[in-house]
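To start, the structure itself, in structure tokens.
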Protein chains: 2
Amino acid sequence: MTKVSTILTGGTVVTMNDNYDVFVDGAVAIQDSQIVAIGPSADIRAEYTADEIIPCDGKYILPGLINAHTHAPMTLLRGLADDLRLDVWLMGYIMPTEREFVSPEFCRLGTKLACAEMIMGGVTTFADMYYFEDDIAETTEQAGMRALLGQTILKFPAPDAESYEGSLEAARAFVEKWHQHERITPSVAPHAPYSSTKDMLKLCAQLAMQYDVPIIIHISESAQEEEDNFAEHGLRVVPWLKTTGLLNAKVLAAHCVHINKSDMATLYEHDVTVSHNPQANLKLANGVAPVSDMLENHLTVGIGTDGPASNNDLDMFEEMRTAALLAKSFTNNPTALPARQALTMATRDGARALFMGDKTGSLEAGKYADIITMQASTVHNWPHFQRDENAIYSQIVYAGKSSDVESVMCHGRWLMRDRQLQTLDLSKIMGQAHDFAQKVDDFLSSHENDVVSKLLAVGGLERAESFEVQMKARIDDADLVQKLLDHPDVEVLKRMNYRQYDTYFTFDDHDMGRVRYREDDRIDERGEVSEVRARLTFTMPTKERVFNSAVLLSHSRFIAPADRPLRFYQEYFQGADVQVLEKERQRWHIHYQGVLYYINIDSLTEPKMRDMFIEIKSRTWSLLDAQHKADGISRMMDILDLPQGAAVRQDYLEMTPS
Amino acid sequence: MTKVSTILTGGTVVTMNDNYDVFVDGAVAIQDSQIVAIGPSADIRAEYTADEIIPCDGKYILPGLINAHTHAPMTLLRGLADDLRLDVWLMGYIMPTEREFVSPEFCRLGTKLACAEMIMGGVTTFADMYYFEDDIAETTEQAGMRALLGQTILKFPAPDAESYEGSLEAARAFVEKWHQHERITPSVAPHAPYSSTKDMLKLCAQLAMQYDVPIIIHISESAQEEEDNFAEHGLRVVPWLKTTGLLNAKVLAAHCVHINKSDMATLYEHDVTVSHNPQANLKLANGVAPVSDMLENHLTVGIGTDGPASNNDLDMFEEMRTAALLAKSFTNNPTALPARQALTMATRDGARALFMGDKTGSLEAGKYADIITMQASTVHNWPHFQRDENAIYSQIVYAGKSSDVESVMCHGRWLMRDRQLQTLDLSKIMGQAHDFAQKVDDFLSSHENDVVSKLLAVGGLERAESFEVQMKARIDDADLVQKLLDHPDVEVLKRMNYRQYDTYFTFDDHDMGRVRYREDDRIDERGEVSEVRARLTFTMPTKERVFNSAVLLSHSRFIAPADRPLRFYQEYFQGADVQVLEKERQRWHIHYQGVLYYINIDSLTEPKMRDMFIEIKSRTWSLLDAQHKADGISRMMDILDLPQGAAVRQDYLEMTPS
């Protein structure tokens, strides 16, 4: 007799191995973190003895479930705002709350709550993508779960980084710290194609490949995303991603709701795996992913809950069931995605999707002991028929519930026994989450009528580049600019004249940012107005720094077409100070040493100012790129013979009496 | 102080009344079966005292949920056969099992199991449609639930009646017995348009209107149903139903997956209410009902689980959530069917859909005390935000679970307290259900390769009329038929000549029925074959009776196009006895006194027989109609001068040496 740590015996062992072996009176022998043997109880008991022998009569013994996509700390935002338009939900509630509250402490508490819920629902492994991922990793490590954890990288400023370069640095440190860990696999997580630049995706892929860790990314979540990608790059999302080199890394792609068969072939060719997140896709009205097609095209597909802010729970039983049910109506075929396949996606294939197929996802000797036991005899799942060998999967998938899960082991350690959590103090966590929710309630109540909400209600709001580099200098003679335009390193792309009518709405509370309504009248050669465009720009409080003489602004800027008359906005932004600024602007788009800049020669007409100004500007998503561009501006100042001290840091609004 | 029976106090009372009042520290005062007062705890406690005062801190107090559509006894068939083609599921598993096992005892046991599950999931009221509905009513009455119970009426033979007339009689007795009951409302339940005749629907409506009880019917469940209805009647399902007069009764229509806006207007005009059953519709690949459109068109829509054989549970929390999620992607609008509306459909509107809006569905003084309490502080539903008044509905609908339900009261009586059932012995019920499942397993295993399964696998199987009336007589002279054809009461509609090649497959086990492969060669005036058709007819063991001299056969008969060569079927039905029969047939379609009959003059060529035979036949779904037609046949025999004793009862197969 070989002595092992633990034997689970007498249950119905559903191995989810490649043969789909089921042992009706079965047993699992566990030594430390690993499964050493599995089979009929009699065979196992004849060969092994153990410190602890646990009878599992009337229970299913299953591999721990794999939640292939979530944002764990967002448990703390569960039910914050539901049933809203996507832009209102995201920009009106989730983003302001994240900006205000997301911190290492937030991520630790939210991860604890998420781990508690996942463990109680039979999940032993999850894939996460959020901010401060190192804090999430430490918390998950302590909770005892297995996870693939991705440090988010965005071209926008994030709660944990001002620029994507900052996020990449954090990701590198994160990967270096964790990539040897037994249970935590670090990952690089560029948020999505539309929130990335090509350069950023290249750097992400390089980092991931250097350490052989996976990439996590959202792909083709909405039809809009495909449309926008095509409009911007002339390619669908997947082929465009291929051009960035991202697919050369090990990629776990979340969503893939709107991919087509050619996309599937590309994903397959690059061994990209997929997380299907049906409930979140339904709730945000993004549609139904073509899962049956993906499976037919041999893609490895796991199932994920997505974040609880858009689900609203982390219940893999519901998610499996939804996946199986939806696929049938989506393909008009009641035999599509049968129960056994859904459970495979939530276990063995989920593990493969997380690039952990060798470690977990099925009950097999040599794999880690990630095991759950589950009440088989419940009122909602009774009676049981035996004739059909698939009936057991039907029982688990179509009528099983997370509340049926009794005990959960991960890596040989008990995380829950008889529904009592072993590694987390649930009542303490819930108390802290409650206190947090009250703070968020207060914050949102006090921002109920803030500018973003008002702008969202008007519609069309979009996020603009995070970094602006600019130099402004007072000049006497507009012709000065010719020095620059005539320089051999400069190519003039475009020239225009404008008359600009700006109305600024500012607020007592500086944190509320400011809104500019601008009417741009384009003036043709005859001096006539040839085109009028109006738009709103909303700028949150801005950080500014000086690089050489250029000013580098990093800010959250949102733009929207202003499709109503100015009078409307004047009434709409009640309580705002209103300031008016009018100017004549000559404008050039130039390439200087191959880089795009805008040159403005401005004369203020209201309030009237005698001086003219030259501005050299550029915009970018990258902090590094912003710094390079600031250097370029400095060199252009030399061409213009402007001393570095000539630069003016005030903006026009600050120069005028308010 | 007024003394009442019970006060629930200190919970968050979610009234679901027309104002959607919520009392965060609220109370409900109950006297016997009714709610007498509801409001803030302090107000209620100041005015009322009670025998039992129940603290509900940290709990939601909600109206009991309404399951607007189910087939309760089918809990006993849960998970019997899943992920199958609809015809295979229905004709291969559910129908044979129902034919063999459905009995009053089956219905009582299945209803007990269903009531136990529903009570444990917070349901106090349900709408049912099945066989032996009186047994279901008695069981439901004892379990203490409220219900709208429909005796099923089908044109096919049913487990509880040979003919629809039999079902109608049972329905009349059922309605008479129960229509004064406080908790049980009886109902007349014609199964569906495609399984009804027009006459049958008229009679159903008359019966329902006579007692002012509702009709329950499945409408437009599949796209196929709409297509078939149009092909047969030249109308969509709803307009055709209108022509039958059925919509003049109070109708609760289940499914309505494929109705259009014009159908919705018709339903609204007739005060037809709807049960939306999203999970069953998905699982059977029938699609997604246009619920948002229905609500916009002012229809009253409840939510139902449908039977657990196609769901596979009776969980209204899942069903609400699925309804709310699906509607969003179905309309590309994340604001569609918000959580509050989903909960309204599962409570107040559900009650209205069951024509019980005055009795239940919300917590209001004067309504019956149908109340549930539910854990509000669970890990999967935490934290709670208060700012948004809809947040509480979001908590319940998007993250609530049936396992959160703690106590359930119906009509003032506790059905569950602290998750202990009060009116049902769960372990006994589950034990009996287990024994039953074993019998079904044995039965199905022994029929694994039976004829229906084999026919289903071949495809195209359809059910044919239940009743056949026929008279056969030996004659010497084919010209005898002219007497009939020339009679003033007879109109000849059509005349044809056939050569028929029949191959019969019969089995040792008589219960397995027999299959006929028939090749019909149509012979034109020149004696040439002008058309060839082959089809299979499968007949289950047949009951026969004699009415006058005609034989009345009642049987289950299925037909299918035989699109493969005879040799295929000979190999396919291995183990069958094969008999061949060939004949020349002259055939007339006639109206006799306005009723359609078929006249055959047959000469058997293989095996060769000297005699000729005349047959007069008709088919019908109605037993009464069959009897009328038998009378007609008897009168035609008089016209032919055939003595009543001339009729031969053997069929050709029995006359020939086997």
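Convention: chains lettered A, B, ... in structure tokens order; per-chain residue numbering from 1; ligands numbered from 1 as shown.
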Selection near Asp638 of chain B, 12 Å with only C-alpha atoms, sequence-local residues under 4 positions removed, as a PyMOL selection string: chain B and resi 483-484+487+548-549+631-634+642-646
Output file for the residues above (N, CA, C and O atoms, as a PDB file, in the first residue's frame):
```
ATOM      1  N   LYS B 483     -73.251   1.610 -58.851  1.00  0.00           N
ATOM      2  CA  LYS B 483     -74.484   1.883 -58.096  1.00  0.00           C
ATOM      3  C   LYS B 483     -74.248   3.041 -57.129  1.00  0.00           C
ATOM      4  O   LYS B 483     -75.102   3.903 -56.936  1.00  0.00           O
ATOM      5  N   LEU B 484     -73.087   2.997 -56.520  1.00  0.00           N
ATOM      6  CA  LEU B 484     -72.781   4.038 -55.534  1.00  0.00           C
ATOM      7  C   LEU B 484     -72.401   5.345 -56.247  1.00  0.00           C
ATOM      8  O   LEU B 484     -72.906   6.428 -55.914  1.00  0.00           O
ATOM      9  N   HIS B 487     -75.265   7.351 -57.488  1.00  0.00           N
ATOM     10  CA  HIS B 487     -76.299   7.749 -56.518  1.00  0.00           C
ATOM     11  C   HIS B 487     -76.369   9.277 -56.394  1.00  0.00           C
ATOM     12  O   HIS B 487     -75.321   9.948 -56.418  1.00  0.00           O
ATOM     13  N   ASN B 548     -71.680  -0.438 -36.618  1.00  0.00           N
ATOM     14  CA  ASN B 548     -72.445  -1.047 -37.688  1.00  0.00           C
ATOM     15  C   ASN B 548     -71.509  -2.048 -38.344  1.00  0.00           C
ATOM     16  O   ASN B 548     -70.918  -2.864 -37.645  1.00  0.00           O
ATOM     17  N   SER B 549     -71.304  -1.965 -39.641  1.00  0.00           N
ATOM     18  CA  SER B 549     -70.405  -2.956 -40.230  1.00  0.00           C
ATOM     19  C   SER B 549     -69.015  -2.414 -40.474  1.00  0.00           C
ATOM     20  O   SER B 549     -68.116  -3.137 -40.855  1.00  0.00           O
ATOM     21  N   ASP B 631     -71.383   5.477 -39.695  1.00  0.00           N
ATOM     22  CA  ASP B 631     -72.807   5.451 -40.051  1.00  0.00           C
ATOM     23  C   ASP B 631     -72.973   5.681 -41.549  1.00  0.00           C
ATOM     24  O   ASP B 631     -73.797   5.027 -42.205  1.00  0.00           O
ATOM     25  N   GLY B 632     -72.225   6.622 -42.095  1.00  0.00           N
ATOM     26  CA  GLY B 632     -72.278   6.914 -43.532  1.00  0.00           C
ATOM     27  C   GLY B 632     -71.913   5.672 -44.348  1.00  0.00           C
ATOM     28  O   GLY B 632     -72.565   5.343 -45.339  1.00  0.00           O
ATOM     29  N   ILE B 633     -70.865   4.981 -43.904  1.00  0.00           N
ATOM     30  CA  ILE B 633     -70.429   3.770 -44.618  1.00  0.00           C
ATOM     31  C   ILE B 633     -71.550   2.728 -44.613  1.00  0.00           C
ATOM     32  O   ILE B 633     -71.836   2.080 -45.626  1.00  0.00           O
ATOM     33  N   SER B 634     -72.215   2.633 -43.463  1.00  0.00           N
ATOM     34  CA  SER B 634     -73.306   1.673 -43.353  1.00  0.00           C
ATOM     35  C   SER B 634     -74.422   2.016 -44.361  1.00  0.00           C
ATOM     36  O   SER B 634     -74.969   1.125 -45.020  1.00  0.00           O
ATOM     37  N   LEU B 642     -75.127  -4.343 -50.299  1.00  0.00           N
ATOM     38  CA  LEU B 642     -74.272  -5.273 -49.565  1.00  0.00           C
ATOM     39  C   LEU B 642     -74.901  -5.525 -48.208  1.00  0.00           C
ATOM     40  O   LEU B 642     -75.154  -4.592 -47.452  1.00  0.00           O
ATOM     41  N   PRO B 643     -75.157  -6.798 -47.892  1.00  0.00           N
ATOM     42  CA  PRO B 643     -75.701  -7.060 -46.552  1.00  0.00           C
ATOM     43  C   PRO B 643     -74.617  -6.695 -45.510  1.00  0.00           C
ATOM     44  O   PRO B 643     -73.414  -6.765 -45.802  1.00  0.00           O
ATOM     45  N   GLN B 644     -75.063  -6.254 -44.343  1.00  0.00           N
ATOM     46  CA  GLN B 644     -74.083  -5.838 -43.322  1.00  0.00           C
ATOM     47  C   GLN B 644     -73.106  -6.975 -43.022  1.00  0.00           C
ATOM     48  O   GLN B 644     -71.952  -6.752 -42.674  1.00  0.00           O
ATOM     49  N   GLY B 645     -73.558  -8.200 -43.201  1.00  0.00           N
ATOM     50  CA  GLY B 645     -72.690  -9.345 -42.909  1.00  0.00           C
ATOM     51  C   GLY B 645     -71.615  -9.586 -43.956  1.00  0.00           C
ATOM     52  O   GLY B 645     -70.713 -10.392 -43.741  1.00  0.00           O
ATOM     53  N   ALA B 646     -71.681  -8.879 -45.051  1.00  0.00           N
ATOM     54  CA  ALA B 646     -70.697  -9.089 -46.124  1.00  0.00           C
ATOM     55  C   ALA B 646     -69.322  -8.525 -45.777  1.00  0.00           C
ATOM     56  O   ALA B 646     -68.321  -8.878 -46.394  1.00  0.00           O
TER      57      ALA B 646
END
```
So that I can see what lies close to segment 251-263 of chain B, please list as a PyMOL selection string the residues with an atom at most 9 Å from it, counting only C-alpha atoms and leaving out residues fewer than 2 positions away in the same chain. chain B and resi 68-69+214-223+225-226+236-239+246-249+265-268+270-278+281+286-291+293-294+297+304+306+353-355
Please, which residues in segment 375-423 of chain B fall within 12 Å of segment 329-343 of chain B when counting only C-alpha atoms, and what is the closest atom pair and distance in Å to one decimal for each, ordered by chain then residue number, as a Markdown table?
```
| residue | atom | partner | partner_atom | distance |
| --- | --- | --- | --- | --- |
| B:Glu389 | CA | B:Arg340 | CA | 10.0 |
| B:Asn390 | CA | B:Arg340 | CA | 6.8 |
| B:Ala391 | CA | B:Ala339 | CA | 8.7 |
| B:Ile392 | CA | B:Arg340 | CA | 8.5 |
| B:Tyr393 | CA | B:Arg340 | CA | 5.1 |
| B:Ser394 | CA | B:Ala339 | CA | 5.2 |
| B:Gln395 | CA | B:Ala339 | CA | 8.5 |
| B:Ile396 | CA | B:Ala339 | CA | 8.1 |
| B:Val397 | CA | B:Ala339 | CA | 5.7 |
| B:Tyr398 | CA | B:Ala339 | CA | 7.2 |
| B:Ala399 | CA | B:Ala339 | CA | 10.4 |
| B:Gly400 | CA | B:Leu343 | CA | 11.2 |
```
Residue contacts of Glu182 of chain B (12 Å, only C-alpha atoms) excluding same-chain residues fewer than 3 positions away, as a ChimeraX atom specification: /B:33,141,144-148,178-179,185-186,356,359-360,368,410-411
Save the residues we just selected, N, CA, C and O atoms, as a short mmCIF file (atom, residue, chain, number, x, y, z; two decimals), in the first residue's frame?
```cif
data_model
loop_
_atom_site.label_atom_id
_atom_site.label_comp_id
_atom_site.auth_asym_id
_atom_site.auth_seq_id
_atom_site.Cartn_x
_atom_site.Cartn_y
_atom_site.Cartn_z
N SER B 33 -55.13 34.28 5.21
CA SER B 33 -54.57 34.11 3.87
C SER B 33 -54.17 35.43 3.21
O SER B 33 -53.59 35.42 2.13
N GLU B 141 -52.82 21.28 -4.73
CA GLU B 141 -53.66 21.75 -3.62
C GLU B 141 -53.02 21.34 -2.29
O GLU B 141 -52.87 22.16 -1.39
N GLY B 144 -49.95 23.15 -1.34
CA GLY B 144 -50.22 24.49 -0.84
C GLY B 144 -49.96 25.61 -1.84
O GLY B 144 -50.05 26.79 -1.48
N MET B 145 -49.64 25.26 -3.09
CA MET B 145 -49.34 26.31 -4.07
C MET B 145 -50.62 26.81 -4.75
O MET B 145 -51.67 26.21 -4.67
N ARG B 146 -50.46 27.94 -5.43
CA ARG B 146 -51.52 28.50 -6.27
C ARG B 146 -51.20 28.12 -7.71
O ARG B 146 -50.04 28.11 -8.11
N ALA B 147 -52.23 27.82 -8.50
CA ALA B 147 -51.92 27.41 -9.88
C ALA B 147 -53.09 27.59 -10.82
O ALA B 147 -54.25 27.56 -10.42
N LEU B 148 -52.72 27.79 -12.06
CA LEU B 148 -53.66 27.73 -13.18
C LEU B 148 -53.32 26.43 -13.90
O LEU B 148 -52.22 26.28 -14.44
N TRP B 178 -63.20 22.16 -10.10
CA TRP B 178 -62.26 23.08 -9.47
C TRP B 178 -62.59 24.56 -9.62
O TRP B 178 -61.93 25.39 -8.99
N HIS B 179 -63.59 24.91 -10.42
CA HIS B 179 -63.64 26.33 -10.81
C HIS B 179 -64.05 27.28 -9.69
O HIS B 179 -63.96 28.48 -9.86
N THR B 185 -57.09 27.35 -10.19
CA THR B 185 -57.96 27.76 -11.28
C THR B 185 -57.83 26.74 -12.39
O THR B 185 -56.72 26.53 -12.91
N PRO B 186 -58.93 26.06 -12.75
CA PRO B 186 -58.82 25.09 -13.83
C PRO B 186 -58.83 25.79 -15.18
O PRO B 186 -59.28 26.93 -15.29
N MET B 356 -54.85 36.31 -12.77
CA MET B 356 -54.92 36.30 -11.31
C MET B 356 -54.34 37.58 -10.74
O MET B 356 -53.85 37.58 -9.61
N LYS B 359 -55.34 38.68 -7.32
CA LYS B 359 -55.07 37.80 -6.18
C LYS B 359 -53.62 37.82 -5.71
O LYS B 359 -53.34 37.67 -4.53
N THR B 360 -52.71 37.92 -6.65
CA THR B 360 -51.30 37.70 -6.31
C THR B 360 -50.40 38.51 -7.25
O THR B 360 -50.88 39.28 -8.05
N TYR B 368 -53.69 38.15 -1.64
CA TYR B 368 -53.32 37.00 -0.84
C TYR B 368 -51.85 37.09 -0.44
O TYR B 368 -51.04 37.70 -1.14
N CYS B 410 -47.54 30.82 0.86
CA CYS B 410 -48.56 30.97 -0.17
C CYS B 410 -49.92 30.95 0.49
O CYS B 410 -50.20 30.05 1.32
N HIS B 411 -50.75 31.94 0.19
CA HIS B 411 -52.11 32.00 0.74
C HIS B 411 -52.06 32.02 2.27
O HIS B 411 -52.90 31.44 2.96
#
```
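The gap separating atom CA of Gln627 of chain B from atom CA of Asp479 of chain B is 28.0 Å, in Å to one decimal.
Between atom CA of Leu653 of chain A and atom CA of His628 of chain A the interatomic distance comes to 27.4 Å.
Atom pair atom CA of Glu528 of chain A / atom CA of Ile599 of chain A: separated by 21.9 Å.
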